[in-house]
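The file work32.csv contains CSV, C-alpha atoms and all ligand atoms:
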```csv
chain,number,residue,atom,x,y,z
R,1,MET,CA,0.0,0.0,0.0
R,2,SER,CA,1.4,3.4,-0.9
R,3,ASP,CA,2.0,6.0,1.8
R,4,LEU,CA,-0.9,8.0,0.5
R,5,ALA,CA,-3.3,5.0,0.4
R,6,SER,CA,-2.4,4.2,4.0
R,7,VAL,CA,-3.1,7.8,5.0
R,8,LEU,CA,-6.5,7.5,3.4
R,9,SER,CA,-7.4,4.3,5.2
R,10,ARG,CA,-6.2,5.7,8.5
R,11,ALA,CA,-8.2,8.9,7.9
R,12,LYS,CA,-11.2,6.7,7.3
R,13,ALA,CA,-10.7,4.3,10.2
R,14,GLU,CA,-9.9,7.1,12.7
R,15,HIS,CA,-12.5,9.5,11.4
R,16,TRP,CA,-10.1,12.3,10.7
R,17,CYS,CA,-11.8,15.5,9.5
R,18,CYS,CA,-11.5,15.7,5.7
R,19,ARG,CA,-14.1,18.4,5.2
R,20,TRP,CA,-12.9,21.0,2.7
R,21,GLY,CA,-13.0,24.4,4.3
R,22,CYS,CA,-13.5,23.1,7.8
R,23,THR,CA,-13.3,26.2,10.0
R,24,THR,CA,-13.0,24.3,13.2
R,25,CYS,CA,-9.8,22.3,12.6
R,26,GLY,CA,-8.8,23.1,9.0
R,27,SER,CA,-8.5,19.3,8.6
R,28,GLY,CA,-5.0,19.8,10.0
R,29,GLN,CA,-4.4,16.1,11.0
R,30,PHE,CA,-5.3,14.9,7.5
R,31,ARG,CA,-3.3,17.6,5.7
R,32,GLU,CA,-0.2,16.9,7.7
R,33,ALA,CA,-0.4,13.2,7.1
R,34,VAL,CA,-0.9,13.7,3.4
R,35,LEU,CA,2.1,16.1,3.2
R,36,ARG,CA,4.3,13.5,5.0
R,37,ALA,CA,3.1,10.9,2.6
R,38,VAL,CA,4.3,12.9,-0.4
R,39,ASP,CA,7.5,14.0,1.4
R,40,ALA,CA,6.6,17.7,1.7
R,41,VAL,CA,6.3,20.4,4.3
R,42,ASP,CA,3.9,22.4,2.3
R,43,LEU,CA,1.8,21.8,-0.7
R,44,GLU,CA,3.5,23.8,-3.5
R,45,ARG,CA,3.9,23.0,-7.2
R,46,ASP,CA,6.3,20.0,-6.9
R,47,SER,CA,4.6,18.4,-4.0
R,48,ALA,CA,1.2,18.9,-5.7
R,49,LEU,CA,2.5,17.1,-8.7
R,50,ARG,CA,3.7,14.2,-6.5
R,51,LEU,CA,0.3,14.1,-4.8
R,52,GLY,CA,-1.5,14.1,-8.1
R,53,ARG,CA,0.7,11.2,-9.4
R,54,ALA,CA,0.1,9.3,-6.1
R,55,LEU,CA,-3.6,9.6,-6.6
R,56,ARG,CA,-3.4,7.8,-10.0
R,57,ASP,CA,-2.9,4.4,-8.2
R,58,ILE,CA,-5.6,4.9,-5.6
R,59,SER,CA,-9.4,4.5,-5.9
R,60,PRO,CA,-11.5,7.3,-4.5
R,61,GLU,CA,-13.9,4.6,-3.3
R,62,ALA,CA,-11.6,4.1,-0.3
R,63,HIS,CA,-12.6,7.5,1.1
R,64,PRO,CA,-14.6,9.7,-1.3
R,65,ASP,CA,-14.6,12.8,1.0
R,66,ALA,CA,-10.9,12.6,1.4
R,67,SER,CA,-10.4,12.2,-2.3
R,68,GLU,CA,-12.5,15.2,-3.0
R,69,PHE,CA,-10.6,17.2,-0.5
R,70,LEU,CA,-7.3,16.2,-2.1
R,71,LEU,CA,-8.5,17.2,-5.6
R,72,ARG,CA,-9.7,20.6,-4.3
R,73,TRP,CA,-6.3,21.0,-2.6
R,74,LEU,CA,-4.5,20.2,-5.8
R,75,GLY,CA,-6.6,22.8,-7.5
R,76,ARG,CA,-4.9,25.4,-5.3
R,77,GLU,CA,-1.5,24.7,-6.9
R,78,LEU,CA,-2.2,23.3,-10.3
R,79,ASN,CA,-4.6,24.3,-13.0
R,80,GLU,CA,-7.4,22.2,-14.3
R,81,ALA,CA,-5.7,21.1,-17.4
R,82,GLU,CA,-2.7,19.9,-15.5
R,83,ILE,CA,-4.7,18.0,-13.0
R,84,GLN,CA,-6.7,16.3,-15.8
R,85,GLU,CA,-3.5,15.4,-17.6
R,86,ILE,CA,-1.9,13.9,-14.5
R,87,LEU,CA,-5.0,11.9,-13.5
R,88,GLY,CA,-6.1,11.0,-17.0
R,89,GLU,CA,-8.5,8.1,-17.2
R,90,THR,CA,-8.0,6.9,-13.7
R,91,SER,CA,-10.8,6.8,-11.2
R,92,HIS,CA,-9.6,10.0,-9.6
R,93,GLY,CA,-9.6,11.5,-13.1
R,94,SER,CA,-13.3,10.7,-13.5
R,95,LEU,CA,-14.1,11.9,-10.0
R,96,TYR,CA,-12.3,15.2,-10.9
R,97,ARG,CA,-14.3,15.5,-14.1
R,98,ARG,CA,-17.5,15.0,-12.1
R,99,MET,CA,-16.5,17.6,-9.6
R,100,LEU,CA,-15.8,20.1,-12.4
R,101,ALA,CA,-19.1,19.3,-14.1
R,102,ALA,CA,-21.0,19.8,-10.8
R,103,ARG,CA,-19.2,23.1,-10.2
R,104,ASP,CA,-20.0,24.3,-13.8
R,105,GLN,CA,-23.6,23.3,-13.3
R,106,ALA,CA,-23.8,25.2,-10.0
R,107,ASN,CA,-22.3,28.3,-11.7
R,108,ALA,CA,-24.7,28.1,-14.6
R,109,ARG,CA,-27.6,27.9,-12.2
R,110,ARG,CA,-26.3,30.9,-10.3
R,111,ALA,CA,-25.8,32.9,-13.4
R,112,GLU,CA,-29.3,32.0,-14.6
R,113,TYR,CA,-30.8,33.0,-11.3
R,114,GLU,CA,-29.0,36.3,-11.4
R,115,ARG,CA,-30.1,36.9,-14.9
R,116,LEU,CA,-33.7,36.3,-14.0
R,117,ASN,CA,-33.4,38.7,-11.1
R,118,LEU,CA,-31.7,41.5,-12.9
R,119,PRO,CA,-33.7,44.7,-12.5
R,120,GLU,CA,-33.6,45.3,-16.3
R,121,TYR,CA,-34.9,41.7,-16.9
R,122,VAL,CA,-37.6,42.0,-14.3
R,123,ALA,CA,-38.7,45.4,-15.7
R,124,ALA,CA,-38.7,44.0,-19.3
R,125,GLN,CA,-40.8,41.1,-18.3
R,126,ARG,CA,-43.3,43.4,-16.6
R,127,ALA,CA,-43.5,45.6,-19.6
R,128,LYS,CA,-44.1,42.6,-21.8
R,129,LYS,CA,-47.0,41.4,-19.6
R,130,ALA,CA,-48.5,44.9,-19.5
R,131,ALA,CA,-48.3,45.1,-23.3
R,132,ALA,CA,-49.9,41.7,-23.7
R,133,ARG,CA,-52.8,42.8,-21.3
R,134,ALA,CA,-53.3,46.0,-23.3
R,135,GLU,CA,-53.4,44.1,-26.6
R,136,LYS,CA,-56.0,41.7,-25.2
R,137,HIS,CA,-58.1,44.6,-24.0
R,138,LYS,CA,-57.9,46.2,-27.4
R,139,GLN,CA,-59.1,43.0,-29.0
R,140,ARG,CA,-62.0,42.7,-26.6
R,141,LEU,CA,-63.0,46.3,-27.4
R,142,ALA,CA,-62.8,45.6,-31.1
R,143,GLU,CA,-65.0,42.5,-30.7
R,144,LYS,CA,-67.5,44.4,-28.7
R,145,ALA,CA,-67.7,47.1,-31.3
R,146,LYS,CA,-68.2,44.5,-34.0
R,147,ARG,CA,-71.0,42.8,-32.0
R,148,ASP,CA,-72.6,46.2,-31.3
R,149,ALA,CA,-72.5,47.1,-35.0
R,150,LYS,CA,-74.2,43.8,-35.9
R,151,LEU,CA,-76.9,44.4,-33.3
R,152,ARG,CA,-77.4,48.0,-34.6
R,153,ALA,CA,-77.7,46.7,-38.1
R,154,GLU,CA,-80.3,44.2,-37.0
R,155,GLY,CA,-82.1,47.1,-35.2
R,156,LYS,CA,-81.8,45.4,-31.8
R,157,ILE,CA,-80.1,48.4,-30.1
R,201,ZN,ZN,-12.5,19.8,10.9
```
Please, can you express the file's structure as structure tokens?
Ligand SMILES: [Zn+2]
Amino acid sequence: MSDLASVLSRAKAEHWCCRWGCTTCGSGQFREAVLRAVDAVDLERDSALRLGRALRDISPEAHPDASEFLLRWLGRELNEAEIQEILGETSHGSLYRRMLAARDQANARRAEYERLNLPEYVAAQRAKKAAARAEKHKQRLAEKAKRDAKLRAEGKI
């Protein structure tokens, strides 16, 4: 078992915090063990590359939360294309692609929500509805005028 694989299984067995962005402990225990496993004091470019390569031989199924944490951590030091290239078609590679897709979807939803709530958009929608109402009203008046003209012609009014 690689050093990193044993860190992941310890993290799982001992319930280490692997929550990305944990404000209570910063997942310190997990981070430190991972850094030791890739022979680093800090995650910088070189150690991130080592960590990425170590992930190629590990399945995220062992500890999905920890895997997600590590991929986010890699994203601090490496760009998306580099990470994709390192992980390739491994199971961590597909987890990474799923994470990117989920992020893109969330961004798209947020952008759509913002678009629908822009004051200009809301005002334009209101104006459209008001115009449609006015048009309907005009049609009703025209129909009434036609009916009245017919009744008049028949001498009923
Ligand atoms: Zn924590």
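The spacing separating CA of Thr90 in chain R from CA of Ser47 in chain R amounts to 19.6 Å.
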### Task
Show which residues sit within 10 Å of His15 in chain R, as a ChimeraX atom specification. Count only C-alpha atoms, and ignore same-chain residues fewer than 5 positions away.
/R:9-10,30
### Query
Leaving out range 50-57 of chain R and any residue of its chain fewer than 2 positions from it, which residues lie within 10 Å of it when counting all atoms listed in the file, given as an MDAnalysis selection string?
chainID R and resid 1:5 34:35 37:40 43 45:48 59:60 67 70:71 73:74 78 82:93
Per residue of chain R within 6 Å of ligand ZN 201 (chain R), note the shortest atom pair and the distance in Å to one decimal, counting all atoms listed in the file, and order the rows by chain and increasing residue number, as a tab-separated table.
```
residue	atom	partner	partner_atom	distance
R:Cys17	CA	R:ZN201	ZN	4.6
R:Cys22	CA	R:ZN201	ZN	4.6
R:Thr24	CA	R:ZN201	ZN	5.1
R:Cys25	CA	R:ZN201	ZN	4.1
R:Gly26	CA	R:ZN201	ZN	5.3
R:Ser27	CA	R:ZN201	ZN	4.6
```
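Nearest to Val7 in chain R of all the residues R:Val41, R:Glu114, R:Leu49, R:Ala62 is R:Ala62, counting all atoms listed in the file.
One distance worth recording is that between CA of Ser6 in chain R and CA of Arg97 in chain R, which is 24.4 Å.
Across the model, the gap from CA of Glu80 in chain R to CA of Glu44 in chain R is 15.4 Å.
With distances restricted to all atoms listed in the file, R:Asn79 is the closest residue to Leu100 in chain R from R:Asn79, R:Gln139, R:Thr23, R:Asn117.
The closest residue to Phe69 in chain R, picked from R:Lys144, R:Arg36, R:Arg115, R:Arg19 and counting only C-alpha atoms, is R:Arg19.
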### Task
Determine the nearest neighbour of Glu61 in chain R from the options R:Leu116, R:Leu8, R:Ala13, R:Ala111, counting all atoms listed in the file.
R:Leu8
Take range 55-86 of chain R, bring it up to N, CA and C atoms, and give me the output as a JSON list (two decimals), in the frame of the given file.
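Below is the file that was written, result-v8.json:
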```json
[["chain", "number", "residue", "atom", "x", "y", "z"],
["R", 55, "LEU", "N", -2.19, 9.88, -6.57],
["R", 55, "LEU", "CA", -3.60, 9.60, -6.60],
["R", 55, "LEU", "C", -4.00, 8.69, -7.80],
["R", 56, "ARG", "N", -3.10, 8.62, -8.79],
["R", 56, "ARG", "CA", -3.40, 7.80, -10.00],
["R", 56, "ARG", "C", -3.61, 6.32, -9.59],
["R", 57, "ASP", "N", -2.91, 5.88, -8.55],
["R", 57, "ASP", "CA", -2.90, 4.40, -8.20],
["R", 57, "ASP", "C", -3.93, 4.12, -7.10],
["R", 58, "ILE", "N", -4.73, 5.10, -6.73],
["R", 58, "ILE", "CA", -5.60, 4.90, -5.60],
["R", 58, "ILE", "C", -7.06, 5.08, -6.10],
["R", 59, "SER", "N", -7.99, 4.31, -5.52],
["R", 59, "SER", "CA", -9.40, 4.50, -5.90],
["R", 59, "SER", "C", -10.06, 5.44, -4.91],
["R", 60, "PRO", "N", -10.84, 6.39, -5.40],
["R", 60, "PRO", "CA", -11.50, 7.30, -4.50],
["R", 60, "PRO", "C", -12.59, 6.58, -3.65],
["R", 61, "GLU", "N", -12.92, 5.36, -4.04],
["R", 61, "GLU", "CA", -13.90, 4.60, -3.30],
["R", 61, "GLU", "C", -13.46, 4.34, -1.85],
["R", 62, "ALA", "N", -12.16, 4.32, -1.66],
["R", 62, "ALA", "CA", -11.60, 4.10, -0.30],
["R", 62, "ALA", "C", -12.13, 5.11, 0.66],
["R", 63, "HIS", "N", -12.18, 6.36, 0.22],
["R", 63, "HIS", "CA", -12.60, 7.50, 1.10],
["R", 63, "HIS", "C", -12.95, 8.65, 0.23],
["R", 64, "PRO", "N", -14.18, 8.65, -0.29],
["R", 64, "PRO", "CA", -14.60, 9.70, -1.30],
["R", 64, "PRO", "C", -14.39, 11.12, -0.78],
["R", 65, "ASP", "N", -14.74, 11.39, 0.48],
["R", 65, "ASP", "CA", -14.60, 12.80, 1.00],
["R", 65, "ASP", "C", -13.15, 13.20, 0.97],
["R", 66, "ALA", "N", -12.28, 12.27, 1.41],
["R", 66, "ALA", "CA", -10.90, 12.60, 1.40],
["R", 66, "ALA", "C", -10.36, 12.84, 0.03],
["R", 67, "SER", "N", -10.82, 12.04, -0.92],
["R", 67, "SER", "CA", -10.40, 12.20, -2.30],
["R", 67, "SER", "C", -10.82, 13.56, -2.84],
["R", 68, "GLU", "N", -12.05, 13.91, -2.55],
["R", 68, "GLU", "CA", -12.50, 15.20, -3.00],
["R", 68, "GLU", "C", -11.73, 16.34, -2.40],
["R", 69, "PHE", "N", -11.43, 16.19, -1.14],
["R", 69, "PHE", "CA", -10.60, 17.20, -0.50],
["R", 69, "PHE", "C", -9.24, 17.31, -1.19],
["R", 70, "LEU", "N", -8.62, 16.19, -1.49],
["R", 70, "LEU", "CA", -7.30, 16.20, -2.10],
["R", 70, "LEU", "C", -7.35, 16.86, -3.51],
["R", 71, "LEU", "N", -8.42, 16.59, -4.24],
["R", 71, "LEU", "CA", -8.50, 17.20, -5.60],
["R", 71, "LEU", "C", -8.72, 18.68, -5.50],
["R", 72, "ARG", "N", -9.50, 19.12, -4.52],
["R", 72, "ARG", "CA", -9.70, 20.60, -4.30],
["R", 72, "ARG", "C", -8.33, 21.20, -3.95],
["R", 73, "TRP", "N", -7.61, 20.50, -3.10],
["R", 73, "TRP", "CA", -6.30, 21.00, -2.60],
["R", 73, "TRP", "C", -5.36, 21.13, -3.80],
["R", 74, "LEU", "N", -5.36, 20.11, -4.65],
["R", 74, "LEU", "CA", -4.50, 20.20, -5.80],
["R", 74, "LEU", "C", -4.85, 21.41, -6.69],
["R", 75, "GLY", "N", -6.14, 21.72, -6.74],
["R", 75, "GLY", "CA", -6.60, 22.80, -7.50],
["R", 75, "GLY", "C", -6.05, 24.18, -7.06],
["R", 76, "ARG", "N", -5.53, 24.21, -5.85],
["R", 76, "ARG", "CA", -4.90, 25.40, -5.30],
["R", 76, "ARG", "C", -3.55, 25.68, -5.99],
["R", 77, "GLU", "N", -2.91, 24.58, -6.38],
["R", 77, "GLU", "CA", -1.50, 24.70, -6.90],
["R", 77, "GLU", "C", -1.39, 24.43, -8.36],
["R", 78, "LEU", "N", -2.31, 23.64, -8.90],
["R", 78, "LEU", "CA", -2.20, 23.30, -10.30],
["R", 78, "LEU", "C", -3.48, 23.71, -11.03],
["R", 79, "ASN", "N", -3.36, 23.95, -12.34],
["R", 79, "ASN", "CA", -4.60, 24.30, -13.00],
["R", 79, "ASN", "C", -5.34, 23.08, -13.50],
["R", 80, "GLU", "N", -6.57, 23.30, -13.94],
["R", 80, "GLU", "CA", -7.40, 22.20, -14.30],
["R", 80, "GLU", "C", -6.85, 21.25, -15.32],
["R", 81, "ALA", "N", -6.27, 21.87, -16.34],
["R", 81, "ALA", "CA", -5.70, 21.10, -17.40],
["R", 81, "ALA", "C", -4.58, 20.17, -16.92],
["R", 82, "GLU", "N", -3.75, 20.72, -16.04],
["R", 82, "GLU", "CA", -2.70, 19.90, -15.50],
["R", 82, "GLU", "C", -3.19, 18.75, -14.67],
["R", 83, "ILE", "N", -4.17, 19.03, -13.86],
["R", 83, "ILE", "CA", -4.70, 18.00, -13.00],
["R", 83, "ILE", "C", -5.35, 16.88, -13.88],
["R", 84, "GLN", "N", -6.10, 17.30, -14.90],
["R", 84, "GLN", "CA", -6.70, 16.30, -15.80],
["R", 84, "GLN", "C", -5.66, 15.47, -16.47],
["R", 85, "GLU", "N", -4.58, 16.13, -16.87],
["R", 85, "GLU", "CA", -3.50, 15.40, -17.60],
["R", 85, "GLU", "C", -2.86, 14.37, -16.64],
["R", 86, "ILE", "N", -2.59, 14.78, -15.41],
["R", 86, "ILE", "CA", -1.90, 13.90, -14.50],
["R", 86, "ILE", "C", -2.86, 12.68, -14.16]]
```
